[in-house]
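J.: Data file data13.cif (mmCIF, C-alpha atoms and all ligand atoms) is appended below.
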```cif
data_data
#
loop_
_atom_site.label_atom_id
_atom_site.label_comp_id
_atom_site.auth_asym_id
_atom_site.auth_seq_id
_atom_site.Cartn_x
_atom_site.Cartn_y
_atom_site.Cartn_z
CA MET A 1 104.22 137.09 132.92
CA GLY A 2 100.70 138.58 132.69
CA ARG A 3 97.50 136.90 131.52
CA TRP A 4 97.69 138.00 127.90
CA PRO A 5 101.26 136.89 127.26
CA LYS A 6 100.31 133.44 128.60
CA VAL A 7 97.37 133.29 126.23
CA GLY A 8 99.65 134.45 123.43
CA VAL A 9 102.22 131.78 124.21
CA ALA A 10 99.51 129.09 124.29
CA PHE A 11 98.27 130.33 120.90
CA LEU A 12 101.74 130.17 119.31
CA ARG A 13 102.16 126.61 120.60
CA PHE A 14 98.72 125.66 119.36
CA VAL A 15 99.40 126.99 115.85
CA ALA A 16 102.72 125.12 115.62
CA VAL A 17 101.24 121.81 116.82
CA ALA A 18 97.63 121.84 115.54
CA GLY A 19 98.24 124.05 112.49
CA PRO A 20 99.58 121.21 110.32
CA VAL A 21 96.41 119.20 110.98
CA LEU A 22 94.27 122.09 109.76
CA LEU A 23 96.68 122.55 106.84
CA GLY A 24 96.12 118.89 105.88
CA LEU A 25 92.37 119.49 105.86
CA LEU A 26 92.76 122.65 103.74
CA THR A 27 94.99 120.72 101.32
CA ALA A 28 92.36 117.99 100.91
CA LEU A 29 89.63 120.62 100.45
CA TYR A 30 91.64 122.55 97.83
CA ILE A 31 92.45 119.39 95.88
CA GLY A 32 88.74 118.53 95.73
CA ARG A 33 87.63 122.11 95.10
CA PRO A 34 90.38 124.48 93.94
CA SER A 35 88.95 127.63 95.48
CA SER A 36 91.15 130.68 96.05
CA HIS A 37 89.75 130.89 99.60
CA PHE A 38 91.26 127.53 100.57
CA LEU A 39 94.53 128.51 98.86
CA ALA A 40 94.76 131.86 100.66
CA ALA A 41 93.90 130.25 104.01
CA GLY A 42 96.54 127.56 103.41
CA ILE A 43 99.30 130.03 102.53
CA THR A 44 98.46 132.16 105.57
CA LEU A 45 98.59 129.09 107.78
CA VAL A 46 101.98 127.99 106.38
CA VAL A 47 103.43 131.42 107.14
CA ALA A 48 101.93 131.32 110.65
CA ILE A 49 103.29 127.82 111.34
CA LEU A 50 106.79 128.78 110.17
CA ALA A 51 106.72 131.93 112.33
CA CYS A 52 105.63 129.88 115.37
CA ASP A 53 108.37 127.33 114.64
CA GLY A 54 110.89 130.20 114.69
CA TRP A 55 109.54 131.44 117.99
CA ILE A 56 109.65 127.93 119.56
CA ILE A 57 113.26 127.42 118.48
CA ALA A 58 114.34 130.89 119.65
CA ARG A 59 112.74 130.28 123.07
CA ARG A 60 114.05 126.68 123.19
CA ARG A 61 110.65 125.21 123.97
CA TRP A 62 111.82 121.70 123.11
CA ILE A 63 108.76 119.79 124.35
CA THR A 64 106.46 121.90 122.18
CA ALA A 65 109.00 121.58 119.37
CA GLY A 66 108.76 117.76 119.62
CA PHE A 67 104.97 117.81 119.22
CA ALA A 68 105.18 120.37 116.40
CA LEU A 69 107.77 118.26 114.58
CA ALA A 70 105.50 115.19 114.85
CA THR A 71 102.43 116.91 113.36
CA GLN A 72 104.49 118.64 110.67
CA ILE A 73 106.06 115.32 109.62
CA ALA A 74 102.54 113.81 109.58
CA PHE A 75 101.44 116.63 107.25
CA LEU A 76 104.37 116.05 104.88
CA THR A 77 103.63 112.30 104.90
CA PHE A 78 100.02 113.11 103.97
CA VAL A 79 101.17 115.30 101.08
CA GLY A 80 103.43 112.42 100.01
CA THR A 81 100.37 110.22 99.46
CA TYR A 82 99.48 112.45 96.47
CA THR A 83 102.82 111.90 94.69
CA ALA A 84 103.21 109.57 91.70
CA SER A 85 103.47 105.86 92.49
CA PRO A 86 102.73 103.87 89.30
CA LEU A 87 101.74 100.23 89.64
CA PRO A 88 103.97 97.72 87.85
CA ALA A 89 102.87 96.98 84.27
CA PRO A 90 100.54 93.95 84.07
CA SER A 91 101.43 90.93 81.95
CA PRO A 92 100.17 91.51 78.43
CA ILE A 93 96.94 89.81 77.36
CA SER A 94 96.75 87.76 74.22
CA ASP A 95 92.98 87.28 74.12
CA PRO A 96 91.56 87.89 70.67
CA LEU A 97 89.04 90.69 70.32
CA PRO A 98 85.68 89.09 71.26
CA GLN A 99 83.15 88.55 68.51
CA ALA A 100 80.21 90.93 68.35
CA SER A 101 77.30 91.18 65.94
CA PRO A 102 75.57 94.39 66.92
CA PRO A 103 72.39 94.91 64.93
CA VAL A 104 72.03 97.91 62.67
CA GLY A 105 70.67 100.79 64.65
CA THR A 106 72.87 100.53 67.72
CA ALA A 107 74.12 103.98 68.71
CA ILE A 108 75.27 105.88 71.76
CA TYR A 109 74.70 109.42 72.98
CA ALA A 110 76.11 111.38 75.90
CA LEU A 111 73.79 113.31 78.21
CA PRO A 112 75.92 115.61 80.37
CA THR A 113 74.01 116.46 83.56
CA GLY A 114 76.56 118.43 85.57
CA VAL A 115 80.17 119.05 86.49
CA ASN A 116 82.32 119.26 89.62
CA HIS A 117 85.36 121.52 89.51
CA ARG A 118 88.25 119.51 90.87
CA THR A 119 92.01 119.01 90.29
CA ALA A 120 94.12 116.27 88.73
CA ALA A 121 95.58 115.59 92.20
CA PHE A 122 92.10 114.58 93.36
CA ALA A 123 91.74 111.97 90.61
CA TYR A 124 95.04 110.07 90.57
CA ARG A 125 98.39 109.90 92.33
CA GLY A 126 100.91 112.16 90.62
CA GLY A 127 98.20 114.54 89.35
CA SER A 128 99.03 118.19 89.97
CA PRO A 129 96.97 120.24 92.44
CA TRP A 130 97.41 123.21 90.05
CA ASP A 131 95.92 121.25 87.12
CA LYS A 132 92.20 122.07 87.31
CA ARG A 133 89.95 119.34 85.95
CA ASP A 134 86.26 119.08 85.23
CA SER A 135 84.71 116.01 86.80
CA VAL A 136 81.59 115.52 84.68
CA SER A 137 78.44 113.58 85.54
CA THR A 138 77.17 112.17 82.28
CA ALA A 139 74.53 109.57 81.48
CA VAL A 140 74.97 107.51 78.31
CA LEU A 141 72.03 106.41 76.21
CA VAL A 142 72.66 103.20 74.27
CA ARG A 143 70.10 102.67 71.52
CA HIS A 144 69.48 99.05 70.63
CA PRO A 145 66.65 97.41 68.66
CA GLN A 146 65.91 95.12 71.63
CA GLY A 147 65.50 98.10 73.94
CA ASP A 148 67.53 101.18 74.83
CA LEU A 149 69.44 101.51 78.04
CA LEU A 150 70.96 104.28 80.08
CA ILE A 151 74.40 103.61 81.51
CA ASP A 152 74.13 105.54 84.81
CA THR A 153 71.82 108.53 85.12
CA GLY A 154 74.06 111.41 86.15
CA LEU A 155 72.53 114.12 88.33
CA GLY A 156 68.77 114.01 88.53
CA ARG A 157 66.05 116.59 88.90
CA THR A 158 66.25 116.54 92.71
CA ILE A 159 70.05 116.69 93.09
CA ALA A 160 69.86 119.91 95.14
CA GLU A 161 67.75 118.22 97.82
CA GLN A 162 69.94 115.10 97.68
CA MET A 163 73.09 117.17 98.26
CA GLY A 164 71.51 118.80 101.30
CA GLU A 165 71.76 115.40 103.04
CA PHE A 166 75.51 115.02 102.41
CA PRO A 167 78.17 115.58 105.13
CA PHE A 168 79.18 119.21 105.62
CA LEU A 169 82.86 118.70 104.77
CA PHE A 170 81.97 116.92 101.52
CA ARG A 171 79.72 119.80 100.47
CA LEU A 172 82.41 122.30 101.46
CA GLY A 173 84.90 120.50 99.22
CA THR A 174 82.54 120.12 96.25
CA ASP A 175 81.75 122.80 93.67
CA LEU A 176 78.95 121.24 91.68
CA VAL A 177 77.32 122.93 88.70
CA ARG A 178 74.25 121.16 87.40
CA PHE A 179 72.97 121.15 83.85
CA GLN A 180 69.69 119.68 82.60
CA ALA A 181 68.77 116.27 84.04
CA ALA A 182 68.95 113.34 81.59
CA ALA A 183 65.17 112.80 81.77
CA ASP A 184 64.54 116.44 80.79
CA GLN A 185 67.04 116.25 77.91
CA LEU A 186 65.29 113.18 76.54
CA GLU A 187 61.87 114.73 77.02
CA ALA A 188 62.90 117.98 75.31
CA ALA A 189 63.85 115.97 72.22
CA GLY A 190 60.61 114.03 72.17
CA TYR A 191 62.22 110.72 73.10
CA ASP A 192 59.73 107.87 73.34
CA ARG A 193 60.15 106.64 76.94
CA THR A 194 58.71 103.25 76.09
CA GLN A 195 61.93 102.49 74.20
CA LEU A 196 63.98 102.76 77.40
CA ARG A 197 64.18 99.19 78.66
CA TYR A 198 66.81 99.39 81.42
CA ILE A 199 69.03 101.63 83.48
CA LEU A 200 72.39 99.88 83.87
CA LEU A 201 74.53 101.05 86.79
CA THR A 202 78.33 100.99 86.74
CA HIS A 203 77.88 101.27 90.53
CA ALA A 204 75.41 102.72 93.03
CA HIS A 205 77.15 105.89 94.25
CA TRP A 206 74.93 108.98 94.53
CA ASP A 207 76.31 110.73 91.44
CA HIS A 208 75.45 107.74 89.23
CA VAL A 209 71.95 106.98 90.56
CA SER A 210 70.78 110.53 91.28
CA GLY A 211 68.49 110.58 88.23
CA VAL A 212 66.99 107.09 88.65
CA PRO A 213 63.71 108.39 90.21
CA ASP A 214 63.22 110.54 87.08
CA PHE A 215 62.54 107.26 85.23
CA PRO A 216 59.87 105.58 87.36
CA ALA A 217 59.28 101.88 86.74
CA VAL A 218 62.33 101.46 84.48
CA PRO A 219 64.20 98.40 85.87
CA VAL A 220 67.66 99.21 87.28
CA LEU A 221 70.19 96.49 86.49
CA VAL A 222 72.72 95.81 89.27
CA THR A 223 74.99 92.98 90.31
CA ALA A 224 74.03 91.08 93.47
CA ALA A 225 77.18 92.44 95.19
CA GLU A 226 76.24 96.05 94.39
CA HIS A 227 72.65 95.48 95.44
CA ARG A 228 73.89 94.31 98.86
CA PHE A 229 76.34 97.23 99.03
CA ILE A 230 73.53 99.77 98.73
CA ASP A 231 72.56 98.96 102.32
CA ASP A 232 76.16 99.38 103.63
CA GLY A 233 77.46 102.27 101.55
CA GLY A 234 76.64 105.02 104.09
CA TRP A 235 75.69 108.45 102.78
CA ALA A 236 77.15 107.75 99.30
CA THR A 237 74.46 105.13 98.63
CA ALA A 238 71.73 106.60 100.85
CA HIS A 239 69.92 107.88 97.75
CA ALA A 240 70.09 104.48 96.04
CA LYS A 241 68.66 102.96 99.22
CA SER A 242 65.77 105.35 99.65
CA MET A 243 64.70 105.93 96.05
CA ASN A 244 62.35 102.95 95.74
CA ALA A 245 63.85 101.78 92.45
CA VAL A 246 62.98 98.53 90.72
CA PHE A 247 66.35 96.81 91.09
CA GLN A 248 66.90 93.80 88.89
CA GLU A 249 69.95 91.61 89.53
CA TYR A 250 71.81 89.86 86.76
CA ALA A 251 74.38 87.09 86.95
CA PHE A 252 77.76 86.77 85.27
CA ASP A 253 76.69 83.74 83.29
CA GLY A 254 79.13 84.23 80.41
CA GLY A 255 82.73 83.11 80.11
CA PRO A 256 85.99 85.05 80.31
CA TYR A 257 86.10 88.32 78.41
CA MET A 258 89.36 90.07 77.55
CA GLY A 259 91.15 89.01 80.74
CA PHE A 260 88.11 89.35 83.00
CA THR A 261 87.08 85.98 84.38
CA GLN A 262 83.31 86.35 83.90
CA SER A 263 80.88 88.33 81.80
CA HIS A 264 77.24 88.95 81.03
CA ASP A 265 76.13 89.55 77.45
CA LEU A 266 72.97 91.63 77.88
CA TYR A 267 71.32 90.99 74.50
CA GLY A 268 73.33 87.94 73.44
CA ASP A 269 74.81 89.67 70.38
CA GLY A 270 78.05 90.96 71.93
CA SER A 271 76.96 94.58 71.65
CA ILE A 272 76.66 95.16 75.41
CA VAL A 273 78.89 92.99 77.60
CA ILE A 274 79.26 93.61 81.33
CA VAL A 275 82.21 92.35 83.40
CA PRO A 276 82.80 92.55 87.17
CA ALA A 277 85.44 95.11 88.12
CA PRO A 278 85.16 95.38 91.93
CA GLY A 279 87.23 97.63 94.17
CA HIS A 280 85.73 101.12 93.96
CA THR A 281 82.57 99.45 95.26
CA PRO A 282 82.01 95.69 95.74
CA GLY A 283 79.77 95.36 92.68
CA SER A 284 81.34 97.89 90.27
CA VAL A 285 81.33 96.81 86.63
CA VAL A 286 82.83 97.73 83.27
CA VAL A 287 80.38 97.89 80.35
CA PHE A 288 81.80 97.10 76.91
CA VAL A 289 79.70 98.48 74.06
CA THR A 290 80.24 97.60 70.40
CA LEU A 291 78.29 99.50 67.75
CA SER A 292 77.16 98.23 64.36
CA GLY A 293 79.81 100.41 62.70
CA GLY A 294 82.50 98.56 64.65
CA ALA A 295 83.36 101.27 67.19
CA ARG A 296 84.10 99.85 70.63
CA TYR A 297 83.82 101.53 74.01
CA ALA A 298 84.57 100.51 77.59
CA PHE A 299 82.55 102.40 80.19
CA VAL A 300 84.68 101.87 83.27
CA GLY A 301 82.58 103.81 85.82
CA ASP A 302 84.74 105.10 88.68
CA LEU A 303 87.51 102.52 88.26
CA VAL A 304 89.51 105.69 87.62
CA TRP A 305 88.30 109.28 87.73
CA GLN A 306 90.52 110.49 84.91
CA LEU A 307 91.95 108.49 82.03
CA GLN A 308 95.53 109.11 83.18
CA GLY A 309 94.82 106.99 86.24
CA LEU A 310 94.47 104.04 83.89
CA LEU A 311 97.08 104.90 81.28
CA GLU A 312 99.72 105.78 83.90
CA ARG A 313 98.52 103.02 86.27
CA GLU A 314 98.08 105.51 89.10
CA GLU A 315 95.57 104.73 91.80
CA ARG A 316 93.34 107.25 93.51
CA PRO A 317 95.17 109.11 96.30
CA TRP A 318 95.10 107.49 99.75
CA PHE A 319 92.73 110.03 101.34
CA GLU A 320 90.15 109.85 98.54
CA ALA A 321 90.30 106.02 98.43
CA LYS A 322 90.02 105.83 102.22
CA THR A 323 87.01 108.14 102.49
CA LEU A 324 85.28 106.06 99.79
CA GLY A 325 86.02 102.83 101.67
CA GLU A 326 87.50 101.19 98.56
CA ASN A 327 89.03 97.71 98.54
CA PRO A 328 92.58 98.52 97.37
CA VAL A 329 93.52 94.94 96.45
CA LEU A 330 90.46 94.39 94.23
CA LEU A 331 90.70 97.87 92.75
CA ARG A 332 94.32 97.25 91.75
CA GLN A 333 93.38 93.98 90.02
CA SER A 334 90.53 95.62 88.10
CA LEU A 335 92.68 98.61 87.15
CA LEU A 336 95.54 96.44 85.87
CA ARG A 337 93.14 94.28 83.83
CA MET A 338 91.74 97.36 82.12
CA SER A 339 95.25 98.75 81.69
CA ALA A 340 96.28 95.54 79.85
CA ILE A 341 93.23 95.92 77.57
CA ALA A 342 94.09 99.58 76.88
CA THR A 343 97.60 98.53 75.84
CA ARG A 344 96.50 95.56 73.69
CA TYR A 345 93.52 97.31 72.05
CA PRO A 346 94.24 101.04 71.84
CA HIS A 347 91.25 101.54 69.52
CA ILE A 348 88.78 100.68 72.32
CA LYS A 349 87.70 104.04 73.66
CA ILE A 350 87.86 103.98 77.43
CA VAL A 351 85.32 106.19 79.14
CA PRO A 352 85.78 106.87 82.86
CA SER A 353 82.46 108.26 84.11
CA HIS A 354 83.90 111.61 85.18
CA ASP A 355 86.56 112.37 82.53
CA PRO A 356 85.18 114.71 79.84
CA ARG A 357 87.88 113.53 77.39
CA GLY A 358 86.34 110.05 77.43
CA TYR A 359 83.18 111.44 75.81
CA ALA A 360 84.99 113.30 73.02
CA SER A 361 83.93 110.79 70.36
CA ILE A 362 80.37 110.31 71.63
CA PRO A 363 77.72 112.61 70.17
CA GLU A 364 75.85 114.71 72.68
CA TRP A 365 72.16 113.88 72.68
CA SER A 366 70.89 117.43 72.89
CA ARG A 367 73.13 118.66 70.06
CA SER A 368 72.67 115.67 67.81
CA ALA A 369 70.03 115.40 65.13
CA ALA A 370 70.81 111.73 64.48
CA TRP A 371 68.20 110.48 66.96
CA LYS A 372 65.41 112.04 64.90
CA ASN A 373 65.87 109.58 62.09
CA HIS A 374 66.65 106.64 64.28
CA ARG A 375 64.00 103.95 64.48
CA PRO A 376 65.12 100.61 65.87
CA ASN A 377 64.29 97.73 63.55
ZN ZN A 401 81.80 106.16 92.66
ZN ZN A 402 81.24 108.84 90.47
#
```
Take the structure from the file and write it as structure tokens.

T.:
Amino acid sequence: MGRWPKVGVAFLRFVAVAGPVLLGLLTALYIGRPSSHFLAAGITLVVAILACDGWIIARRRWITAGFALATQIAFLTFVGTYTASPLPAPSPISDPLPQASPPVGTAIYALPTGVNHRTAAFAYRGGSPWDKRDSVSTAVLVRHPQGDLLIDTGLGRTIAEQMGEFPFLFRLGTDLVRFQAAADQLEAAGYDRTQLRYILLTHAHWDHVSGVPDFPAVPVLVTAAEHRFIDDGGWATAHAKSMNAVFQEYAFDGGPYMGFTQSHDLYGDGSIVIVPAPGHTPGSVVVFVTLSGGARYAFVGDLVWQLQGLLEREERPWFEAKTLGENPVLLRQSLLRMSAIATRYPHIKIVPSHDPRGYASIPEWSRSAAWKNHRPN
């Protein structure tokens, strides 16, 4: 056998054994960024692997076949981690709806700052890889007579530079389209910055804190656990670590709240109540907002990426959870608590940070004229 046939044989073996590993990577990339390039590369690779399998069997290369079988089973096991696996239903809660006396003038507005094009499979187990989903980055302005606050900031003015620091594979698997930063949207509408009292973080990941530096000197409210996590969160919290923000910790000094063991009532009137919901990050929270008209919202951050994750009790897929370094036990507890609330109080609008459907009932700041007439008492 000449030199080239030997090289050819080595290549066929390599494709059969290492191909499934590359196919796993392409699968993960496509699920996070459904580009036709990843799809075409994946289909080509499947055909090549099957052809090499045929060659190995025809030539009875059983040692190579053993290795190829192992990596191909590993690939199928990986794909299996994206299939539906609903958590058992939690015991129902009987807690009465907590009292709230929001003052007249409380209101909320959505400030969409960008979108990632992803798939349902990326967001929750059982989601289809063919179901394309927008993963939005939206800041929420809560207007309150004691001082407005922003729940997360979305993508800030310098997001392009921030993204340049992210790992190559993450950037390859992310198709991010940015809109106007929250600070610019507020400025364009003549918003009086002195009314913005706090930025309240659901957690400190890059896509939630990106716009913090656009609001210099505005205190950023975090839990002690999340403040500590900023130092250990790797690249996902590198921006939070370096941005020189004025972090202000708060304590869960309030009692149980709708099945959560602790709470913090920001203004003491029940309009903005924060509860610990760890798992996605150690100090993740859920922010309950009640408006003077009676409408109630639960801003759940990244507890789930799409509402179905909560309603169908489907966790994030294994690969996504693993790369985020989530605590699966705590995340499950937080998810089931929120799931029990969603069942008991279907009128509370649950808003996962990245699900555009969560914002359907919230007026968009830039399109709304309501702010013009709003003057807190
Ligand atoms: Zn996050
Ligand atoms: Zn996020």

J.: Please work out which residues fall within 9 Å of (88.9, 99.9, 67.0), coordinates as given in the file, with all atoms listed in the file counting, and return them as a PDB file with C-alpha atoms, in the frame of the given file.

T.:
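Saved file selection-v9.pdb follows:
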```
ATOM      1  CA  GLY A 294      82.500  98.560  64.650  1.00  0.00           C
ATOM      2  CA  ALA A 295      83.360 101.270  67.190  1.00  0.00           C
ATOM      3  CA  ARG A 296      84.100  99.850  70.630  1.00  0.00           C
ATOM      4  CA  TYR A 297      83.820 101.530  74.010  1.00  0.00           C
ATOM      5  CA  TYR A 345      93.520  97.310  72.050  1.00  0.00           C
ATOM      6  CA  PRO A 346      94.240 101.040  71.840  1.00  0.00           C
ATOM      7  CA  HIS A 347      91.250 101.540  69.520  1.00  0.00           C
ATOM      8  CA  ILE A 348      88.780 100.680  72.320  1.00  0.00           C
ATOM      9  CA  LYS A 349      87.700 104.040  73.660  1.00  0.00           C
TER      10      LYS A 349
END
```

J.: What does the distance from CA of Tyr109 in chain A to CA of Leu141 in chain A come to in Å, to one decimal?

T.: 5.2 Å

J.: Name the closest residue to ligand ZN 401 (chain A) among the candidates A:Phe11, A:Phe67, A:Trp305, A:Phe288; distances are taken between atoms, counting all atoms listed in the file.

T.: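 That would be A:Trp305, the residue with the smallest distance to ligand ZN 401 (chain A).
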
J.: Go through chain A and flag each residue having an atom no more than 8 Å from ligand ZN 402 (chain A); for those, report the closest pair of atoms plus their distance in Å to one decimal, using all atoms listed in the file, ordered by chain and rising number, as a tab-separated table.

T.:
```
residue	atom	partner	partner_atom	distance
A:Ser137	CA	A:ZN402	ZN	7.4
A:His205	CA	A:ZN402	ZN	6.3
A:Trp206	CA	A:ZN402	ZN	7.5
A:Asp207	CA	A:ZN402	ZN	5.4
A:His208	CA	A:ZN402	ZN	6.0
A:Gly301	CA	A:ZN402	ZN	7.0
A:Asp302	CA	A:ZN402	ZN	5.4
A:Trp305	CA	A:ZN402	ZN	7.6
A:Ser353	CA	A:ZN402	ZN	6.5
A:His354	CA	A:ZN402	ZN	6.5
```

J.: Which is closer to ligand ZN 401 (chain A) than all the others in A:Arg357, A:His203, A:Arg367, A:Arg332, using all atoms listed in the file?

T.: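 Looking only at the distances to ligand ZN 401 (chain A), the closest residue turns out to be A:His203.
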
J.: For the atom pair CA of Ser339 in chain A and CA of Phe252 in chain A, what is the interatomic distance in Å to one decimal place?

T.: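 Straight-line distance from CA of Ser339 in chain A to CA of Phe252 in chain A works out to 21.5 Å.
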
J.: Give me, as CSV, each residue of chain A that comes within 12 Å of ligand ZN 401 (chain A), together with its shortest interatomic pair and the distance in Å at one decimal, counting all atoms listed in the file, with rows ordered by chain and rising residue number.

T.:
```
residue,atom,partner,partner_atom,distance
A:Ala123,CA,A:ZN401,ZN,11.7
A:Ser135,CA,A:ZN401,ZN,11.8
A:Ser137,CA,A:ZN401,ZN,10.8
A:Asp152,CA,A:ZN401,ZN,11.0
A:Gly154,CA,A:ZN401,ZN,11.4
A:Leu201,CA,A:ZN401,ZN,10.6
A:Thr202,CA,A:ZN401,ZN,8.6
A:His203,CA,A:ZN401,ZN,6.6
A:Ala204,CA,A:ZN401,ZN,7.3
A:His205,CA,A:ZN401,ZN,4.9
A:Trp206,CA,A:ZN401,ZN,7.7
A:Asp207,CA,A:ZN401,ZN,7.2
A:His208,CA,A:ZN401,ZN,7.4
A:Val209,CA,A:ZN401,ZN,10.1
A:Ser210,CA,A:ZN401,ZN,11.9
A:Glu226,CA,A:ZN401,ZN,11.7
A:Gly233,CA,A:ZN401,ZN,10.6
A:Ala236,CA,A:ZN401,ZN,8.3
A:Thr237,CA,A:ZN401,ZN,9.5
A:Pro278,CA,A:ZN401,ZN,11.3
A:Gly279,CA,A:ZN401,ZN,10.2
A:His280,CA,A:ZN401,ZN,6.5
A:Thr281,CA,A:ZN401,ZN,7.2
A:Pro282,CA,A:ZN401,ZN,10.9
A:Gly283,CA,A:ZN401,ZN,11.0
A:Ser284,CA,A:ZN401,ZN,8.6
A:Val285,CA,A:ZN401,ZN,11.1
A:Val300,CA,A:ZN401,ZN,10.7
A:Gly301,CA,A:ZN401,ZN,7.3
A:Asp302,CA,A:ZN401,ZN,5.1
A:Leu303,CA,A:ZN401,ZN,8.1
A:Val304,CA,A:ZN401,ZN,9.2
A:Trp305,CA,A:ZN401,ZN,8.7
A:Arg316,CA,A:ZN401,ZN,11.6
A:Glu320,CA,A:ZN401,ZN,10.9
A:Ala321,CA,A:ZN401,ZN,10.3
A:Thr323,CA,A:ZN401,ZN,11.3
A:Leu324,CA,A:ZN401,ZN,7.9
A:Gly325,CA,A:ZN401,ZN,10.5
A:Glu326,CA,A:ZN401,ZN,9.6
A:Pro352,CA,A:ZN401,ZN,10.6
A:Ser353,CA,A:ZN401,ZN,8.8
A:His354,CA,A:ZN401,ZN,9.5
```

J.: Select, from A:Leu169, A:Ala342, A:Ala16, A:Val104, the residue with the minimum atom-to-atom distance to Pro145 in chain A, counting only C-alpha atoms.

T.: A:Val104

J.: Please provide as JSON, numbers by chain all residues within 12 Å of Glu315 in chain A, with the sequence filter that same-chain residues fewer than 2 positions apart are discarded (counting all atoms listed in the file).

T.: {"A": [81, 82, 83, 84, 85, 86, 87, 88, 121, 122, 123, 124, 125, 126, 127, 279, 280, 302, 303, 304, 305, 306, 307, 308, 309, 310, 311, 312, 313, 317, 318, 319, 320, 321, 322, 326, 327, 328, 329, 330, 331, 332, 333, 334, 335, 336, 339]}

J.: Listed atoms of range 317-327 of chain A, axis-aligned box, 6 Å per side: centre and edge lengths to one decimal in Å, as AutoDock Vina command-line options?

T.:
```
--center_x 90.2 --center_y 103.9 --center_z 99.4 --size_x 21.9 --size_y 24.3 --size_z 18.2
```

J.: Rounded to one decimal, what separation in Å do you get between CA of Val275 in chain A and CA of Ala251 in chain A?

T.: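 Computing it gives 10.1 Å between the two atoms.
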
J.: Which polymer residues have any atom within 10 Å of an atom of Gly293 in chain A, counting all atoms listed in the file, with same-chain residues fewer than 5 positions away left out, as an NGL selection string?

T.: :A and (102-107)

J.: Could you tell me which of A:Trp62, A:Trp130, A:Phe78, A:Trp365 comes closest to Leu23 in chain A if we count only C-alpha atoms?

T.: A:Phe78
